[in-house]
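As stored in target_20.cif (mmCIF, C-alpha atoms):
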data_entry
#
loop_
_atom_site.group_PDB
_atom_site.id
_atom_site.type_symbol
_atom_site.label_atom_id
_atom_site.label_comp_id
_atom_site.auth_asym_id
_atom_site.auth_seq_id
_atom_site.Cartn_x
_atom_site.Cartn_y
_atom_site.Cartn_z
ATOM 1 C CA MET A 1 21.504 -3.926 -1.471
ATOM 2 C CA ALA A 2 21.253 -0.214 -2.238
ATOM 3 C CA ASN A 3 20.065 -0.958 -5.751
ATOM 4 C CA VAL A 4 17.385 -3.303 -4.502
ATOM 5 C CA HIS A 5 16.060 -0.674 -2.112
ATOM 6 C CA ASP A 6 15.959 1.839 -4.972
ATOM 7 C CA GLN A 7 14.089 -0.705 -7.062
ATOM 8 C CA ILE A 8 11.545 -1.253 -4.258
ATOM 9 C CA THR A 9 11.107 2.489 -3.712
ATOM 10 C CA GLN A 10 10.478 2.887 -7.421
ATOM 11 C CA GLU A 11 7.865 0.091 -7.464
ATOM 12 C CA ILE A 12 5.901 1.434 -4.505
ATOM 13 C CA THR A 13 5.963 5.049 -5.638
ATOM 14 C CA GLN A 14 5.029 4.321 -9.253
ATOM 15 C CA ASN A 15 2.187 1.929 -8.424
ATOM 16 C CA PRO A 16 -0.598 2.830 -5.965
ATOM 17 C CA VAL A 17 -0.997 -0.731 -4.664
ATOM 18 C CA VAL A 18 1.900 -3.189 -4.727
ATOM 19 C CA LEU A 19 1.979 -6.700 -3.329
ATOM 20 C CA PHE A 20 5.384 -8.339 -2.909
ATOM 21 C CA MET A 21 4.497 -11.993 -3.013
ATOM 22 C CA LYS A 22 5.632 -15.513 -3.752
ATOM 23 C CA GLY A 23 4.444 -16.395 -7.217
ATOM 24 C CA THR A 24 2.202 -14.223 -9.357
ATOM 25 C CA PRO A 25 -1.378 -13.004 -8.804
ATOM 26 C CA GLU A 26 -2.473 -15.632 -11.335
ATOM 27 C CA PHE A 27 -0.378 -18.396 -9.766
ATOM 28 C CA PRO A 28 0.491 -17.687 -6.121
ATOM 29 C CA GLN A 29 3.065 -20.152 -4.822
ATOM 30 C CA CYS A 30 2.340 -19.656 -1.138
ATOM 31 C CA GLY A 31 -0.964 -19.818 0.740
ATOM 32 C CA PHE A 32 -0.348 -16.544 2.573
ATOM 33 C CA SER A 33 0.384 -14.652 -0.654
ATOM 34 C CA GLY A 34 -2.671 -16.283 -2.219
ATOM 35 C CA GLN A 35 -4.918 -15.063 0.582
ATOM 36 C CA VAL A 36 -3.906 -11.433 0.055
ATOM 37 C CA VAL A 37 -4.463 -11.751 -3.702
ATOM 38 C CA GLN A 38 -7.962 -13.109 -3.028
ATOM 39 C CA ILE A 39 -8.776 -10.220 -0.691
ATOM 40 C CA LEU A 40 -7.574 -7.559 -3.147
ATOM 41 C CA ASP A 41 -9.475 -9.270 -5.958
ATOM 42 C CA TYR A 42 -12.604 -9.445 -3.805
ATOM 43 C CA LEU A 43 -12.399 -5.711 -3.111
ATOM 44 C CA GLY A 44 -11.778 -5.079 -6.780
ATOM 45 C CA ALA A 45 -8.555 -3.247 -6.020
ATOM 46 C CA PRO A 46 -6.142 -3.046 -8.940
ATOM 47 C CA PHE A 47 -2.637 -3.933 -7.793
ATOM 48 C CA LYS A 48 0.782 -4.866 -9.057
ATOM 49 C CA GLY A 49 2.106 -8.219 -7.904
ATOM 50 C CA VAL A 50 5.884 -8.538 -7.651
ATOM 51 C CA ASN A 51 7.192 -12.093 -7.505
ATOM 52 C CA VAL A 52 10.084 -12.220 -5.032
ATOM 53 C CA LEU A 53 10.846 -15.825 -5.969
ATOM 54 C CA ALA A 54 12.083 -14.545 -9.322
ATOM 55 C CA ASP A 55 14.796 -12.405 -7.689
ATOM 56 C CA ALA A 56 16.874 -13.597 -4.707
ATOM 57 C CA GLU A 57 18.206 -10.099 -3.968
ATOM 58 C CA LEU A 58 14.712 -8.673 -3.943
ATOM 59 C CA ARG A 59 13.470 -11.511 -1.719
ATOM 60 C CA GLN A 60 16.064 -10.569 0.920
ATOM 61 C CA GLY A 61 15.986 -6.826 0.226
ATOM 62 C CA ILE A 62 12.251 -6.429 0.764
ATOM 63 C CA LYS A 63 12.573 -7.900 4.261
ATOM 64 C CA GLU A 64 15.216 -5.325 5.185
ATOM 65 C CA PHE A 65 13.369 -2.511 3.437
ATOM 66 C CA ALA A 66 10.263 -2.874 5.585
ATOM 67 C CA ASN A 67 11.979 -4.294 8.669
ATOM 68 C CA TRP A 68 9.536 -7.144 8.200
ATOM 69 C CA PRO A 69 10.865 -10.692 7.958
ATOM 70 C CA THR A 70 8.103 -12.367 5.988
ATOM 71 C CA ILE A 71 6.323 -12.269 2.645
ATOM 72 C CA PRO A 72 3.706 -11.226 1.460
ATOM 73 C CA GLN A 73 4.005 -7.481 2.039
ATOM 74 C CA LEU A 74 1.343 -5.013 0.911
ATOM 75 C CA TYR A 75 2.119 -1.374 0.116
ATOM 76 C CA VAL A 76 -0.449 1.338 -0.557
ATOM 77 C CA LYS A 77 0.714 4.722 -1.852
ATOM 78 C CA GLY A 78 4.280 3.945 -0.919
ATOM 79 C CA GLU A 79 3.461 2.914 2.651
ATOM 80 C CA PHE A 80 3.821 -0.530 4.139
ATOM 81 C CA VAL A 81 0.401 -1.749 5.281
ATOM 82 C CA GLY A 82 1.231 -5.213 6.590
ATOM 83 C CA GLY A 83 1.515 -8.900 5.950
ATOM 84 C CA CYS A 84 -1.163 -11.528 5.496
ATOM 85 C CA ASP A 85 -2.631 -11.451 9.015
ATOM 86 C CA ILE A 86 -2.866 -7.660 9.149
ATOM 87 C CA VAL A 87 -4.389 -7.448 5.666
ATOM 88 C CA ARG A 88 -6.979 -10.075 6.611
ATOM 89 C CA GLU A 89 -7.850 -8.357 9.902
ATOM 90 C CA MET A 90 -8.201 -5.007 8.120
ATOM 91 C CA PHE A 91 -10.303 -6.599 5.397
ATOM 92 C CA GLN A 92 -12.653 -8.227 7.894
ATOM 93 C CA SER A 93 -13.133 -4.992 9.839
ATOM 94 C CA GLY A 94 -13.673 -2.930 6.685
ATOM 95 C CA GLU A 95 -10.525 -0.894 7.354
ATOM 96 C CA LEU A 96 -8.752 -2.129 4.247
ATOM 97 C CA ALA A 97 -11.462 -0.940 1.867
ATOM 98 C CA ALA A 98 -11.530 2.404 3.708
ATOM 99 C CA HIS A 99 -7.742 2.679 3.629
ATOM 100 C CA LEU A 100 -7.646 1.987 -0.105
ATOM 101 C CA SER A 101 -10.462 4.445 -0.810
ATOM 102 C CA ASP A 102 -8.795 7.129 1.311
ATOM 103 C CA ALA A 103 -5.631 6.575 -0.703
ATOM 104 C CA GLY A 104 -7.582 7.268 -3.881
ATOM 105 C CA VAL A 105 -7.620 3.671 -5.115
ATOM 106 C CA GLU A 106 -10.730 3.026 -7.122
ATOM 107 C CA LEU A 107 -12.453 -0.178 -5.978
ATOM 108 C CA LYS A 108 -14.721 -1.993 -8.380
ATOM 109 C CA GLN A 109 -17.009 -2.792 -5.466
ATOM 110 C CA THR A 110 -17.137 -1.635 -1.870
ATOM 111 C CA ALA A 111 -17.843 -5.037 -0.431
ATOM 112 C CA LYS A 112 -17.294 -5.865 3.201
ATOM 113 C CA ALA A 113 -16.603 -9.299 4.653
ATOM 114 C CA MET B 114 13.874 -27.355 24.392
ATOM 115 C CA ASN B 115 11.765 -27.505 21.247
ATOM 116 C CA THR B 116 10.977 -24.484 19.121
ATOM 117 C CA GLU B 117 7.467 -24.056 20.520
ATOM 118 C CA ALA B 118 8.806 -23.922 24.073
ATOM 119 C CA ARG B 119 11.497 -21.411 23.056
ATOM 120 C CA ILE B 120 8.912 -19.207 21.351
ATOM 121 C CA LYS B 121 6.772 -19.249 24.489
ATOM 122 C CA GLU B 122 9.725 -18.492 26.740
ATOM 123 C CA LYS B 123 10.866 -15.520 24.634
ATOM 124 C CA LEU B 124 7.393 -14.033 24.314
ATOM 125 C CA GLU B 125 6.746 -14.491 28.047
ATOM 126 C CA ALA B 126 9.997 -12.701 28.844
ATOM 127 C CA GLY B 127 9.650 -9.964 26.246
ATOM 128 C CA LEU B 128 5.948 -9.141 26.436
ATOM 129 C CA GLU B 129 4.761 -10.301 29.878
ATOM 130 C CA PRO B 130 1.541 -11.368 28.188
ATOM 131 C CA ILE B 131 -1.760 -11.724 29.990
ATOM 132 C CA ARG B 132 -2.636 -14.377 27.437
ATOM 133 C CA LEU B 133 -0.403 -16.468 25.193
ATOM 134 C CA GLU B 134 -1.278 -19.331 22.884
ATOM 135 C CA VAL B 135 1.289 -20.923 20.589
ATOM 136 C CA ALA B 136 0.258 -23.713 18.237
ATOM 137 C CA ASP B 137 2.547 -25.656 15.911
ATOM 138 C CA GLU B 138 0.715 -25.799 12.597
ATOM 139 C CA SER B 139 3.637 -27.162 10.603
ATOM 140 C CA HIS B 140 1.679 -30.279 9.696
ATOM 141 C CA LEU B 141 -0.825 -28.087 7.814
ATOM 142 C CA HIS B 142 1.964 -26.910 5.530
ATOM 143 C CA ALA B 143 3.626 -30.244 4.779
ATOM 144 C CA GLY B 144 4.885 -30.302 1.200
ATOM 145 C CA HIS B 145 4.919 -26.510 0.998
ATOM 146 C CA SER B 146 8.180 -24.809 0.000
ATOM 147 C CA GLY B 147 8.878 -23.554 3.525
ATOM 148 C CA ALA B 148 8.194 -26.916 5.177
ATOM 149 C CA ARG B 149 11.001 -29.190 6.376
ATOM 150 C CA ALA B 150 11.125 -32.770 7.504
ATOM 151 C CA GLY B 151 10.581 -32.701 11.248
ATOM 152 C CA GLY B 152 8.262 -29.700 11.115
ATOM 153 C CA GLU B 153 8.761 -26.721 13.463
ATOM 154 C CA THR B 154 8.285 -24.274 10.588
ATOM 155 C CA HIS B 155 4.793 -22.771 10.978
ATOM 156 C CA TYR B 156 3.270 -21.421 14.184
ATOM 157 C CA ARG B 157 0.026 -19.696 15.099
ATOM 158 C CA ILE B 158 0.447 -17.245 17.941
ATOM 159 C CA LYS B 159 -2.255 -15.399 19.829
ATOM 160 C CA VAL B 160 -0.831 -12.990 22.358
ATOM 161 C CA ALA B 161 -2.371 -10.301 24.524
ATOM 162 C CA SER B 162 -0.102 -7.854 26.306
ATOM 163 C CA ALA B 163 -0.254 -4.406 27.846
ATOM 164 C CA ARG B 164 2.890 -3.641 25.803
ATOM 165 C CA PHE B 165 0.676 -3.499 22.703
ATOM 166 C CA SER B 166 -1.570 -0.738 24.057
ATOM 167 C CA GLY B 167 -1.489 2.369 21.909
ATOM 168 C CA LYS B 168 0.473 0.648 19.160
ATOM 169 C CA GLY B 169 -0.666 -0.175 15.632
ATOM 170 C CA ARG B 170 -0.736 -3.658 14.148
ATOM 171 C CA VAL B 171 2.494 -3.284 12.188
ATOM 172 C CA GLU B 172 4.421 -2.156 15.257
ATOM 173 C CA ARG B 173 2.990 -5.016 17.357
ATOM 174 C CA HIS B 174 3.943 -7.633 14.795
ATOM 175 C CA ARG B 175 7.428 -6.116 14.509
ATOM 176 C CA MET B 176 7.812 -6.498 18.293
ATOM 177 C CA VAL B 177 6.990 -10.200 18.035
ATOM 178 C CA TYR B 178 9.254 -10.696 15.024
ATOM 179 C CA ALA B 179 12.124 -8.951 16.834
ATOM 180 C CA LEU B 180 11.768 -11.225 19.878
ATOM 181 C CA LEU B 181 11.743 -14.293 17.636
ATOM 182 C CA ALA B 182 14.443 -13.168 15.184
ATOM 183 C CA ASP B 183 16.683 -16.155 16.018
ATOM 184 C CA GLU B 184 13.876 -18.626 15.369
ATOM 185 C CA ILE B 185 12.940 -16.958 12.070
ATOM 186 C CA ALA B 186 16.581 -16.990 10.980
ATOM 187 C CA GLY B 187 16.862 -20.588 12.110
ATOM 188 C CA GLY B 188 14.129 -22.320 10.182
ATOM 189 C CA VAL B 189 10.761 -20.966 11.310
ATOM 190 C CA HIS B 190 9.121 -20.064 8.021
ATOM 191 C CA ALA B 191 5.902 -18.297 8.985
ATOM 192 C CA LEU B 192 4.017 -16.964 11.968
ATOM 193 C CA ALA B 193 0.270 -16.418 11.954
ATOM 194 C CA LEU B 194 -0.052 -13.572 14.443
ATOM 195 C CA GLN B 195 -2.928 -12.171 16.411
ATOM 196 C CA THR B 196 -1.727 -9.400 18.709
ATOM 197 C CA LEU B 197 -4.140 -7.847 21.189
ATOM 198 C CA ALA B 198 -3.991 -5.101 23.785
ATOM 199 C CA PRO B 199 -5.788 -5.952 27.063
ATOM 200 C CA SER B 200 -8.710 -3.699 26.089
ATOM 201 C CA GLU B 201 -9.244 -5.767 22.930
ATOM 202 C CA THR B 202 -9.476 -9.193 24.542
#
Go ahead and express the file in the form of structure tokens.
Amino acid sequence: MANVHDQITQEITQNPVVLFMKGTPEFPQCGFSGQVVQILDYLGAPFKGVNVLADAELRQGIKEFANWPTIPQLYVKGEFVGGCDIVREMFQSGELAAHLSDAGVELKQTAKA
Amino acid sequence: MNTEARIKEKLEAGLEPIRLEVADESHLHAGHSGARAGGETHYRIKVASARFSGKGRVERHRMVYALLADEIAGGVHALALQTLAPSET
């Protein structure tokens, strides 16, 4: 699994916002992953979607990496932010937009739910 | 004991919650990749506990996931979690 963890570390350090998800941003294959994509799109936050369904080792490795047993998982500037429920709560309270802005992520709009 | 009852028992024991609601929402996910015949795959949990005070969301959810690790390993596919400290209820 060491290689998978290196791969994850590389993804989250090279990309400011990374969403490990089931399916792709264009075609999410899980409702929870789809919700996070919608929220990031709504905020106009550019992100990289990584499809864990395409890689069984990654699908297991990401759970161990974050000590978090479910997918999706959102990372901002290399830090784990949360899963679907946490992202939605933070979006609704305005914290997510603030967190992204503080991290230097340029949002196309600063909309609030 | 069904899965819902086991989830309640473990959260009661591990968090001594002042409020606990567990709903089986498996029927809403029928046909989805994580669904199984017989259900017991998707649960919505609202839990308020003094143990959450002073802790962030990620840490609170990890506490719940740790208590329910056997269920998650054994077929529960997803939890919709709302975790509150007493001051937030």
Show me as a VMD selection string the residues that reach within 12 Å of (3.6, 5.7, -8.4), counting only C-alpha atoms and using the file's own coordinates. chain A and resid 8 to 18 47 to 48 75 to 79 105
Taking all atoms listed in the file into account, report as number ranges by chain which residues of chain A lie within 12 Å of chain B. A: 22-23, 29-33, 53, 60, 63, 66-74, 79-90
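In this structure, atom CA of Gly151 of chain B sits 21.0 Å away from atom CA of Glu122 of chain B.
Checking B:Thr116, B:Ser162, B:Ser200, B:Thr154 one by one against Glu129 of chain B, counting all atoms listed in the file, you find the shortest gap at B:Ser162.
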Option closest in space to Tyr156 of chain B, from B:Gly188, B:Gly127, B:Pro199, B:Gly169 [counting only C-alpha atoms]: B:Gly188
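One finds atom CA of Gly144 of chain B at 20.3 Å from atom CA of Asn51 of chain A.
The gap separating atom CA of Lys121 of chain B from atom CA of Ala150 of chain B is 22.1 Å, in Å to one decimal.
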Shell of 12 Å around Lys123 of chain B, all atoms listed in the file, local chain residues under 3 positions omitted, as an MDAnalysis selection string: chainID B and resid 116:120 126:130 133 135 176:184
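Nearest residue to Gly94 of chain A, choosing from A:Phe27, A:Val37, A:His5, A:Leu43 and counting all atoms listed in the file: A:Leu43.
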Shell around Leu141 of chain B at 10 Å using only C-alpha atoms, local window under 5 positions removed, as an MDAnalysis selection string: chainID B and resid 148 152 155
Taking all listed atoms of segment 14-20 of chain A, build the axis-aligned box, pad each of the six sides by 4 Å, then write its centre and edge lengths in Å to one decimal as lines of an AutoDock Vina configuration file.
center_x = 2.2
center_y = -2.0
center_z = -6.1
size_x = 14.4
size_y = 20.7
size_z = 14.3
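Around Glu134 of chain B, within 7 Å and counting only C-alpha atoms, the residues found are Ile158, Lys159 and Val160 of chain B, once anything fewer than 3 positions away on its own chain is removed.
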Can I get the selection written as a PDB file, in the coordinates of the input, with C-alpha atoms?
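Output file part.pdb follows:
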ATOM      1  CA  ILE B 158       0.447 -17.245  17.941  1.00  0.00           C
ATOM      2  CA  LYS B 159      -2.255 -15.399  19.829  1.00  0.00           C
ATOM      3  CA  VAL B 160      -0.831 -12.990  22.358  1.00  0.00           C
TER       4      VAL B 160
END
